[in-house]
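J.: Mind looking over this structure? Questions follow.
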Amino acid sequence: MEIHLSWVQALGGTLAVALPLALALFLLRRFVRAGRRDGESDWTVSAVDDHGHGSSSFHRWDARCKLIGLLLFAFAAAALSSLALALAALAISLAAALACRIPMRGALRRLLAMSGFLLMLLLVIPFTAASRPGETLLYFPGLPGLPFHVGGLLLALTIVCKASAVALLMEPLFATAPLTVTLAACARLGVPESLGRMVLLCHRYIFVFLHEMSRMYRSMRVRGFVPATDLATANAVGNFLGMLFVRSFERTGRVYEAMLCRGYRGTFPSSATFTATASDYAKTFCWVMLGAALITLDLLRLLPW
Amino acid sequence: MHFIRDDTIRRLHEEPLYRLDHVSHRYPDGTQALRDVSLGLYRGDRVALVGRNGSGKTTLVRLLAGLLPCGEGEIRCRGQVLQGELSPQQRARVGVLFQDPDDQLFCNTLNDDVAFGPLNLGLGEDEVERRVVRCLQQVGLLALRYKPAHHLSYGQKKRAAFAAIMAMEPEVLILDEPTANLDPRQEQVFKELLSDYQGTLLVIDHDLLFLYDLCQRAVVMSKGEVHHDYSFAELVSQPAYLREHGLDFTFRFSCCGGHHHSHSNGDGQRHSHHLPSHDHGDGRQHTPPAAVQTPLLELQHYSFRYPDGTLGLDDVNLAVHRGDRLALVGENGAGKSTLAACLLGLQRGEGYFFFDGQLVPNRGRPGELWRRVGIVFQNAADQLFNPSCREEVAFGPQRLGLRGAELQRRVEESLTRVRLEGFADKVPLNMSGGERKRLAIAAALAMEPEVLILDEPTAGLDPHGEELLLGILGELDLTTVLISHDLFFIGELSERTVVMHQGAIIRDYRTTHFLTDEHLHSINGLDYSYKMECGTRILALQNGSIGA
Amino acid sequence: MHISDGVLPMSVTLASAVVSLAGVALSLRRVRNEELPKIAVVTSSFFVASLVHLPFGPTSVHLILPGVVGALLGPASFLSIALGLFLQSLLFQFGGLTALGANTLMMGLPALLCGLLFQTLRGTTLVRHGIAGAVCGGLGTLLAALILAALLALAGEDFFGVAKIALLAHIPVFFIEAGVSAFAVTFLFRVKPELLAGGGPGR
């Protein structure tokens, strides 16, 4: 089916889609960046587990069971191909993100971080999707050679829903327990312990280097550095990053010695103990079943879109 | 060489805790770091390990901590020779507090950090818990037990690292420059913690005033050898030795002799403005300015709030005239650095900020302030990011649009002003702390700013470096704002002192009045008198020895 | 340059996850145990460096520097990149959890290749280092963009257009990356040349 739009229809339709989207993004940005002055580099990062000590049902869920349940659900959600089911997955993730009673700012920040890539998909796929027999094509006035595939739009929207669904699960998955506990749980599930240790160290030193970098960048600014697209900028930034790396290599030696001095012999001591109760298993079972149900419905192709 | 010990007799009979016999160490690159060092550390010893940079102090510490294998000679611990990879139990006997606390807080909560050592020792959970609580309690950080280290202030981090070491209950405690970058109050807290420690103490520091009460024994190292090993009182009483090892801080006592009486100007609320910007609405006019000259910098009712809501500056009124030499003092967190950031245009708050009579807008692009205000930050490492001194100094002038001969002239002139002639092609990263600090000053001076802000210029310098810096800063002929805790430098380098407390200016008077203001201790715990007293006692010792 | 969750079909997602896991496992074996903490600390500085944005026209691009990572860490760079990307998805959601395998392949392979290439190109002079840095910096980004396009193309005909546009959009990034990498490498060569041996953060 081919539909040729008039100017009014085309403009109205575009505005109807673009305006709410732009407004939503604008509000998201405003909210996430509230209190920050213009012109400042956004280098603030919050730790994953700042709200790791809480009392929601996600906080009380045994970390091993939580990892299994939510990860399986996340993969199930990422595998969906129907928009309706992707929307359902998004609703479930949103409910989970609200239920873990952690300020939504973190989750919204994640959505904002993805928005660029997703917007690109929304804009590009409808115009470049593969042609299928019997699909609906919209022709914008003035663009006769560039049909707008409604099927492509649905595909892009499905991806947006799936990506957001997985993003919203990150908070319940990783922010509802101290990172040490989550990683100890990973180790119990068979992830090499050394990887967990590396994640912990890396997480800690990200904050140290962030401070270091912002202090260094500040001293570049007071000496008149303004980034531009030119060779002088590449030179200054190359030196700046080179210095950051040199300092990090120097620090890693010092950190390692400090670890040796406190009796480090290749393993991090862990005092984490896990006890899973019936309710932990029940929660995991529920999430796995939710994921399985979505996948089954998706495979059966019962829904029109 | 001098090895005079008043308790030598006792030493002959007692087995030392640690004994180094003819230890030498050469690094893979060929540097001979230690040469035939023999030393005994006894139970309860409190040793100050002093000497110039590169004299082998750090190598000695690393050998004691088992971080370096002992090549020539031998190290005995309670009569047992230390060899090969040390066990955690052997390591636990020596606790080392390194300079940068961030290197030692490598876990994601204080609890994990403090528990790390005891868990490695294989202690039971109850014992670990007991030690964590006790050590965090001791340093006053128990409430922050489950916080990550990046939420802590510098002083708190330093104490947390101390707790992590104390949890291993070491017999010997080694501290590498424990007071570097601490404000006087934090320094005092640290000193009390160290005084409570019962074991053997080995402290590397340049600050003899800090060491004075803490240590009884002084080991002076020079070129990889132990040069002197005697009582601390003897060390400080010999100015000639101090000078020889770059430790002479007595230049500090050449001034501030006179004792003035307190001249507080009373209530800090009264203020006057120089430039018309607003009136207070109640018809009351500001005190008309006595000076006709337009101030170079003026803040009127200036406040700054951080994004998280904390007040950084609270209704600040400050005028700085051309040629003023101003000192900014106050406890850590009083708002000094925030004020500096506002003067640089890095932070912008609410109120009126005039630069040379022009109102600086609180919104929009920061404008051209960077061309006219220079700053030297506390940590030179954060300021140096170029592969050579020439490029480092040229960075700012290049941004000002200078090229060719003029650029060359500025670079050379600035390097000469900070006594770094001939350093143009050296790599800043490989220079000593004092040289790097001076390079950072040169980089700021090369832009020929009208105002220069110096943030803790003496932090981490040895006395020799301090003296050199004093000379350089004394020669500067421009408006300076000096942020410092160092009473002596304030006295030498400023005529006017502004005291800040909780974001507000509480005093603004002549430096001579500040130096004798007895109310300050009660206002913001700036205990400057203690060091003066130590200094006076040391001077008395020196006079005594000269007389004898 | 990251693929977000739900773009790739499950078969591609799982296959790339398996390959990445194998790569990480291999790295873990090759790297000595005592170097692991050091690699972790260095990785945090790479992570932080990737937050630097440079202006390009009306937008800005953020640096990835696969070439420099490869030059500095050599065989360990794959592990470092996997770690960095995991933390990015943990902290920011740049590249989601289920797409982690694909993203690791996309960044890790170029870093490994550039590491090897850098060692053969770098020579002993400053100029050679600058050239090697520029080549590896540009090529690393180009390879990453090619892998991104290939993965997108694997997702089906619907994504061909996206793949092309992603490739085109990265052309300016190649140049910026090449420039910054060249200067970063020459800086390291002048200041601490031993870091460029590709041996990782050993003693």
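Chain labels run A, B, ... following the order of the structure tokens; each chain numbers its residues from 1, and ligands are numbered from 1 in the order shown.
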Tell me, as a PyMOL selection string, which residues lie within 8 Å of Ala33 of chain B, counting only C-alpha atoms; anything in the same chain fewer than 5 positions away does not count.
T.: chain B and resi 24-27+54-56+59+223-224
J.: Residues at most 6 Å from segment 173-184 of chain C, counting only C-alpha atoms, excluding those fewer than 3 positions away in the same chain, as a VMD selection string?
T.: (chain A and resid 234 to 235 238 to 239 242) or (chain C and resid 130 133 to 134 137 to 138 141 170 187)
J.: Restricting it to N, CA and C atoms, dump the selection as a PDB file, in the first residue's frame.
T.:
```pdb
ATOM      1  N   ALA A 234      44.131  19.106  19.266  1.00  0.00           N
ATOM      2  CA  ALA A 234      44.569  17.711  19.278  1.00  0.00           C
ATOM      3  C   ALA A 234      45.873  17.587  20.051  1.00  0.00           C
ATOM      4  N   ASN A 235      46.780  18.565  19.871  1.00  0.00           N
ATOM      5  CA  ASN A 235      48.053  18.545  20.585  1.00  0.00           C
ATOM      6  C   ASN A 235      47.823  18.635  22.090  1.00  0.00           C
ATOM      7  N   GLY A 238      46.032  15.558  23.346  1.00  0.00           N
ATOM      8  CA  GLY A 238      46.921  14.413  23.312  1.00  0.00           C
ATOM      9  C   GLY A 238      47.900  14.441  24.479  1.00  0.00           C
ATOM     10  N   ASN A 239      48.486  15.604  24.745  1.00  0.00           N
ATOM     11  CA  ASN A 239      49.390  15.737  25.889  1.00  0.00           C
ATOM     12  C   ASN A 239      48.665  15.462  27.197  1.00  0.00           C
ATOM     13  N   GLY A 242      47.958  11.862  27.487  1.00  0.00           N
ATOM     14  CA  GLY A 242      49.213  11.170  27.729  1.00  0.00           C
ATOM     15  C   GLY A 242      49.621  11.300  29.186  1.00  0.00           C
TER      16      GLY A 242
ATOM     17  N   GLY C 130      55.149   9.330  16.003  1.00  0.00           N
ATOM     18  CA  GLY C 130      53.977  10.140  15.680  1.00  0.00           C
ATOM     19  C   GLY C 130      53.167   9.524  14.560  1.00  0.00           C
ATOM     20  N   GLY C 133      51.479   6.399  15.750  1.00  0.00           N
ATOM     21  CA  GLY C 133      50.336   6.759  16.589  1.00  0.00           C
ATOM     22  C   GLY C 133      49.153   7.186  15.747  1.00  0.00           C
ATOM     23  N   ALA C 134      49.412   8.016  14.741  1.00  0.00           N
ATOM     24  CA  ALA C 134      48.324   8.497  13.892  1.00  0.00           C
ATOM     25  C   ALA C 134      47.695   7.342  13.124  1.00  0.00           C
ATOM     26  N   GLY C 137      45.825   5.120  15.570  1.00  0.00           N
ATOM     27  CA  GLY C 137      44.646   5.812  16.082  1.00  0.00           C
ATOM     28  C   GLY C 137      43.534   5.850  15.058  1.00  0.00           C
ATOM     29  N   GLY C 138      43.884   6.238  13.817  1.00  0.00           N
ATOM     30  CA  GLY C 138      42.871   6.307  12.769  1.00  0.00           C
ATOM     31  C   GLY C 138      42.358   4.932  12.390  1.00  0.00           C
ATOM     32  N   THR C 141      39.994   3.224  14.914  1.00  0.00           N
ATOM     33  CA  THR C 141      38.628   3.714  14.836  1.00  0.00           C
ATOM     34  C   THR C 141      37.938   3.215  13.581  1.00  0.00           C
ATOM     35  N   HIS C 170      31.403   8.385  10.975  1.00  0.00           N
ATOM     36  CA  HIS C 170      32.657   8.224  11.705  1.00  0.00           C
ATOM     37  C   HIS C 170      33.871   8.774  10.976  1.00  0.00           C
ATOM     38  N   PHE C 187      53.832  12.282  23.107  1.00  0.00           N
ATOM     39  CA  PHE C 187      54.010  12.711  24.501  1.00  0.00           C
ATOM     40  C   PHE C 187      54.630  11.581  25.319  1.00  0.00           C
TER      41      PHE C 187
END
```
J.: From a DSSP calculation on the backbone, collect every residue of segment 49-276 of chain A in alpha helix (DSSP H) and output the set as a PyMOL selection string.
T.: chain A and resi 57-60+63-78+83-99+105-128+150-174+179-188+193-221+231-261
J.: Can you tell me which residues surround segment 466-481 of chain B at a distance of at most 9 Å, considering only C-alpha atoms, apart from same-chain residues fewer than 3 positions away, and format the answer as a PyMOL selection string?
T.: chain B and resi 248-249+251-252+296+320-328+340+417-419+434+437-438+449-455+457-458+461-463+489+492-494
J.: Now that the selection is made, can you save its residues with C-alpha atoms as an mmCIF file, in the first residue's frame?
T.:
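This went into out-v4.cif:
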```cif
data_model
loop_
_atom_site.group_PDB
_atom_site.id
_atom_site.type_symbol
_atom_site.label_atom_id
_atom_site.label_comp_id
_atom_site.auth_asym_id
_atom_site.auth_seq_id
_atom_site.Cartn_x
_atom_site.Cartn_y
_atom_site.Cartn_z
ATOM 1 C CA ASP B 248 67.175 24.567 57.630
ATOM 2 C CA PHE B 249 63.892 26.163 58.436
ATOM 3 C CA PHE B 251 64.907 31.396 57.888
ATOM 4 C CA ARG B 252 61.409 31.258 59.218
ATOM 5 C CA LEU B 296 41.168 45.778 40.455
ATOM 6 C CA VAL B 320 41.447 44.084 46.029
ATOM 7 C CA HIS B 321 43.417 47.049 44.763
ATOM 8 C CA ARG B 322 46.229 47.078 42.284
ATOM 9 C CA GLY B 323 49.426 46.169 44.069
ATOM 10 C CA ASP B 324 47.638 44.648 47.068
ATOM 11 C CA ARG B 325 49.281 41.634 48.612
ATOM 12 C CA LEU B 326 46.488 39.729 50.190
ATOM 13 C CA ALA B 327 46.488 36.537 52.249
ATOM 14 C CA LEU B 328 43.395 34.370 52.398
ATOM 15 C CA ALA B 340 39.602 31.722 44.017
ATOM 16 C CA ARG B 417 62.364 34.432 37.261
ATOM 17 C CA VAL B 418 61.759 31.066 38.941
ATOM 18 C CA ARG B 419 65.456 30.083 38.790
ATOM 19 C CA GLY B 434 60.153 21.987 44.194
ATOM 20 C CA LYS B 437 56.147 23.930 41.698
ATOM 21 C CA ARG B 438 58.372 26.686 40.347
ATOM 22 C CA PRO B 449 48.556 38.311 34.645
ATOM 23 C CA GLU B 450 47.437 41.334 36.610
ATOM 24 C CA VAL B 451 46.480 39.224 39.593
ATOM 25 C CA LEU B 452 48.202 36.040 40.674
ATOM 26 C CA ILE B 453 46.442 33.619 43.003
ATOM 27 C CA LEU B 454 48.722 31.213 44.851
ATOM 28 C CA ASP B 455 46.940 28.234 46.367
ATOM 29 C CA PRO B 457 52.347 27.273 47.344
ATOM 30 C CA THR B 458 54.394 25.651 50.095
ATOM 31 C CA LEU B 461 58.040 21.447 49.747
ATOM 32 C CA ASP B 462 61.159 20.841 51.783
ATOM 33 C CA PRO B 463 62.649 23.754 53.727
ATOM 34 C CA PHE B 489 54.716 32.874 54.525
ATOM 35 C CA GLU B 492 56.401 37.573 54.705
ATOM 36 C CA LEU B 493 54.307 37.848 51.596
ATOM 37 C CA SER B 494 51.197 39.770 52.527
#
```
J.: Compute the chain C side of the contact with chain B at 12 Å, counting only C-alpha atoms, and hand it back as a PyMOL selection string.
T.: chain C and resi 37-38+40-41+183-193+203
J.: Per residue of chain A within 7 Å of chain B, record the nearest atom pair and its distance in Å to one decimal, counting only C-alpha atoms, with rows in chain order and ascending residue number, as a tab-separated table.
T.:
```
residue	atom	partner	partner_atom	distance
A:Gly35	CA	B:Pro307	CA	4.8
A:Arg36	CA	B:Pro307	CA	6.2
A:Leu200	CA	B:Asn108	CA	6.9
A:Leu201	CA	B:Phe106	CA	6.3
A:Arg204	CA	B:Asn108	CA	5.7
A:Phe207	CA	B:His150	CA	6.5
A:Glu212	CA	B:Asp382	CA	7.0
A:Arg215	CA	B:Asp382	CA	5.9
A:Met216	CA	B:Asp382	CA	4.6
A:Ser219	CA	B:Gln383	CA	5.5
A:Val222	CA	B:Trp370	CA	5.3
A:Arg223	CA	B:Gly396	CA	4.8
A:Gly224	CA	B:Arg399	CA	5.6
A:Phe225	CA	B:Arg399	CA	6.7
A:Asn239	CA	B:Asn386	CA	5.9
A:Phe240	CA	B:Phe385	CA	5.4
A:Met243	CA	B:Phe385	CA	5.7
A:Arg251	CA	B:Asp103	CA	6.9
A:Arg254	CA	B:Asp103	CA	6.2
A:Val255	CA	B:Asp103	CA	4.7
A:Glu257	CA	B:Leu67	CA	6.8
A:Ala258	CA	B:Gln104	CA	5.5
A:Cys261	CA	B:Arg91	CA	6.0
A:Arg262	CA	B:Gly117	CA	4.7
A:Gly263	CA	B:Pro88	CA	4.2
A:Tyr264	CA	B:Asn120	CA	6.5
A:Pro269	CA	B:Leu119	CA	5.8
```
J.: Keeping only N, CA and C atoms, write the selected residues as an mmCIF file, in the first residue's frame.
T.:
```cif
data_model
loop_
_atom_site.group_PDB
_atom_site.id
_atom_site.type_symbol
_atom_site.label_atom_id
_atom_site.label_comp_id
_atom_site.auth_asym_id
_atom_site.auth_seq_id
_atom_site.Cartn_x
_atom_site.Cartn_y
_atom_site.Cartn_z
ATOM 1 N N GLY A 35 20.848 21.805 38.059
ATOM 2 C CA GLY A 35 21.847 22.361 38.974
ATOM 3 C C GLY A 35 23.215 22.507 38.358
ATOM 4 N N ARG A 36 23.354 22.138 37.092
ATOM 5 C CA ARG A 36 24.677 22.274 36.495
ATOM 6 C C ARG A 36 24.726 23.516 35.627
ATOM 7 N N LEU A 200 36.069 -4.202 40.656
ATOM 8 C CA LEU A 200 36.047 -3.399 41.883
ATOM 9 C C LEU A 200 37.132 -2.329 41.877
ATOM 10 N N LEU A 201 38.345 -2.751 41.525
ATOM 11 C CA LEU A 201 39.460 -1.804 41.494
ATOM 12 C C LEU A 201 39.211 -0.706 40.479
ATOM 13 N N ARG A 204 36.651 1.782 41.643
ATOM 14 C CA ARG A 204 37.184 2.698 42.650
ATOM 15 C C ARG A 204 38.044 3.777 41.989
ATOM 16 N N PHE A 207 36.858 7.038 39.970
ATOM 17 C CA PHE A 207 36.541 8.275 40.690
ATOM 18 C C PHE A 207 37.803 9.070 41.006
ATOM 19 N N GLU A 212 41.252 13.692 39.214
ATOM 20 C CA GLU A 212 42.538 14.092 38.671
ATOM 21 C C GLU A 212 42.339 14.804 37.333
ATOM 22 N N ARG A 215 40.752 18.275 37.634
ATOM 23 C CA ARG A 215 41.706 19.283 38.120
ATOM 24 C C ARG A 215 42.678 19.679 37.005
ATOM 25 N N MET A 216 43.146 18.687 36.243
ATOM 26 C CA MET A 216 44.059 18.999 35.151
ATOM 27 C C MET A 216 43.367 19.835 34.083
ATOM 28 N N SER A 219 43.063 23.404 35.033
ATOM 29 C CA SER A 219 44.271 24.230 34.910
ATOM 30 C C SER A 219 44.567 24.524 33.442
ATOM 31 N N VAL A 222 42.197 27.614 32.801
ATOM 32 C CA VAL A 222 42.633 28.919 33.298
ATOM 33 C C VAL A 222 43.811 29.459 32.496
ATOM 34 N N ARG A 223 44.434 28.604 31.713
ATOM 35 C CA ARG A 223 45.486 29.115 30.834
ATOM 36 C C ARG A 223 44.958 29.281 29.417
ATOM 37 N N GLY A 224 43.668 29.385 29.297
ATOM 38 C CA GLY A 224 43.088 29.812 28.037
ATOM 39 C C GLY A 224 42.725 28.715 27.068
ATOM 40 N N PHE A 225 42.726 27.446 27.518
ATOM 41 C CA PHE A 225 42.402 26.383 26.582
ATOM 42 C C PHE A 225 40.898 26.349 26.293
ATOM 43 N N ASN A 239 48.486 15.604 24.745
ATOM 44 C CA ASN A 239 49.390 15.737 25.889
ATOM 45 C C ASN A 239 48.665 15.462 27.197
ATOM 46 N N PHE A 240 47.486 16.046 27.301
ATOM 47 C CA PHE A 240 46.680 15.923 28.510
ATOM 48 C C PHE A 240 46.357 14.447 28.796
ATOM 49 N N MET A 243 49.482 12.517 29.724
ATOM 50 C CA MET A 243 49.824 12.747 31.128
ATOM 51 C C MET A 243 48.924 11.929 32.037
ATOM 52 N N ARG A 251 50.502 5.430 39.281
ATOM 53 C CA ARG A 251 49.665 5.118 40.427
ATOM 54 C C ARG A 251 49.486 3.611 40.575
ATOM 55 N N ARG A 254 52.039 2.163 42.701
ATOM 56 C CA ARG A 254 51.909 2.506 44.123
ATOM 57 C C ARG A 254 50.764 1.739 44.776
ATOM 58 N N VAL A 255 49.666 1.604 44.034
ATOM 59 C CA VAL A 255 48.525 0.872 44.578
ATOM 60 C C VAL A 255 48.918 -0.579 44.836
ATOM 61 N N GLU A 257 51.807 -1.783 45.481
ATOM 62 C CA GLU A 257 52.673 -1.892 46.658
ATOM 63 C C GLU A 257 51.866 -1.756 47.936
ATOM 64 N N ALA A 258 50.897 -0.827 47.914
ATOM 65 C CA ALA A 258 50.062 -0.675 49.106
ATOM 66 C C ALA A 258 49.297 -1.962 49.378
ATOM 67 N N CYS A 261 51.665 -4.458 50.927
ATOM 68 C CA CYS A 261 51.941 -4.123 52.319
ATOM 69 C C CYS A 261 50.831 -4.592 53.237
ATOM 70 N N ARG A 262 49.639 -4.741 52.704
ATOM 71 C CA ARG A 262 48.562 -5.197 53.572
ATOM 72 C C ARG A 262 48.288 -6.683 53.346
ATOM 73 N N GLY A 263 49.310 -7.396 52.908
ATOM 74 C CA GLY A 263 49.227 -8.852 52.901
ATOM 75 C C GLY A 263 48.584 -9.450 51.671
ATOM 76 N N TYR A 264 48.480 -8.683 50.573
ATOM 77 C CA TYR A 264 47.861 -9.203 49.350
ATOM 78 C C TYR A 264 48.726 -10.292 48.744
ATOM 79 N N PRO A 269 40.350 -11.015 49.924
ATOM 80 C CA PRO A 269 39.550 -11.738 50.907
ATOM 81 C C PRO A 269 38.091 -11.347 50.742
#
```
J.: Can you check which residues of chain C have any atom within 7 Å of chain A? Use only C-alpha atoms and format it as a PyMOL selection string.
T.: chain C and resi 4-7+9-10+33-34+36-38+40-45+48-49+51+54-56+83+90-94+96+98+157-159+161-162+179-181+183-184+187-188+201
J.: Please indicate the distance in Å from atom CA of Phe78 of chain C to atom CA of Ala177 of chain A, rounded to one decimal place.
T.: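 One can read the atom CA of Phe78 of chain C to atom CA of Ala177 of chain A distance as 28.2 Å.
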J.: Atom CA of Phe353 of chain B and atom CA of Tyr302 of chain B are how many Å apart?
T.: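 Going from atom CA of Phe353 of chain B over to atom CA of Tyr302 of chain B, I get 7.3 Å.
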J.: What gap, in Å, lies between atom CA of Gln32 of chain B and atom CA of Pro170 of chain B?
T.: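 Taking atom CA of Gln32 of chain B as the start and atom CA of Pro170 of chain B as the end point, the length is 29.4 Å.
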J.: As an NGL selection string, list the residues of chain C assigned to strand (DSSP E) by DSSP on the backbone atoms of this structure.
T.: :C and (53-56 or 59-62)
J.: Restricted to C-alpha atoms, what would the selected residues look like written as a PDB file, in the first residue's frame?
T.:
```pdb
ATOM      1  CA  HIS C  53      34.465  15.229  24.297  1.00  0.00           C
ATOM      2  CA  LEU C  54      35.895  17.264  21.472  1.00  0.00           C
ATOM      3  CA  PRO C  55      33.735  19.657  19.514  1.00  0.00           C
ATOM      4  CA  PHE C  56      32.989  18.805  15.946  1.00  0.00           C
ATOM      5  CA  THR C  59      28.043  18.319  17.932  1.00  0.00           C
ATOM      6  CA  SER C  60      30.900  16.752  19.806  1.00  0.00           C
ATOM      7  CA  VAL C  61      32.619  13.412  19.563  1.00  0.00           C
ATOM      8  CA  HIS C  62      34.044  11.448  22.428  1.00  0.00           C
TER       9      HIS C  62
END
```
J.: Excluding Asp205 of chain B and residues on its chain fewer than 5 positions from it, collect all residues at most 12 Å away from it, counting only C-alpha atoms, and give them as a PyMOL selection string.
T.: chain B and resi 47-53+57-58+98-99+174-180+210-212+214-215+218-220+247+460-463
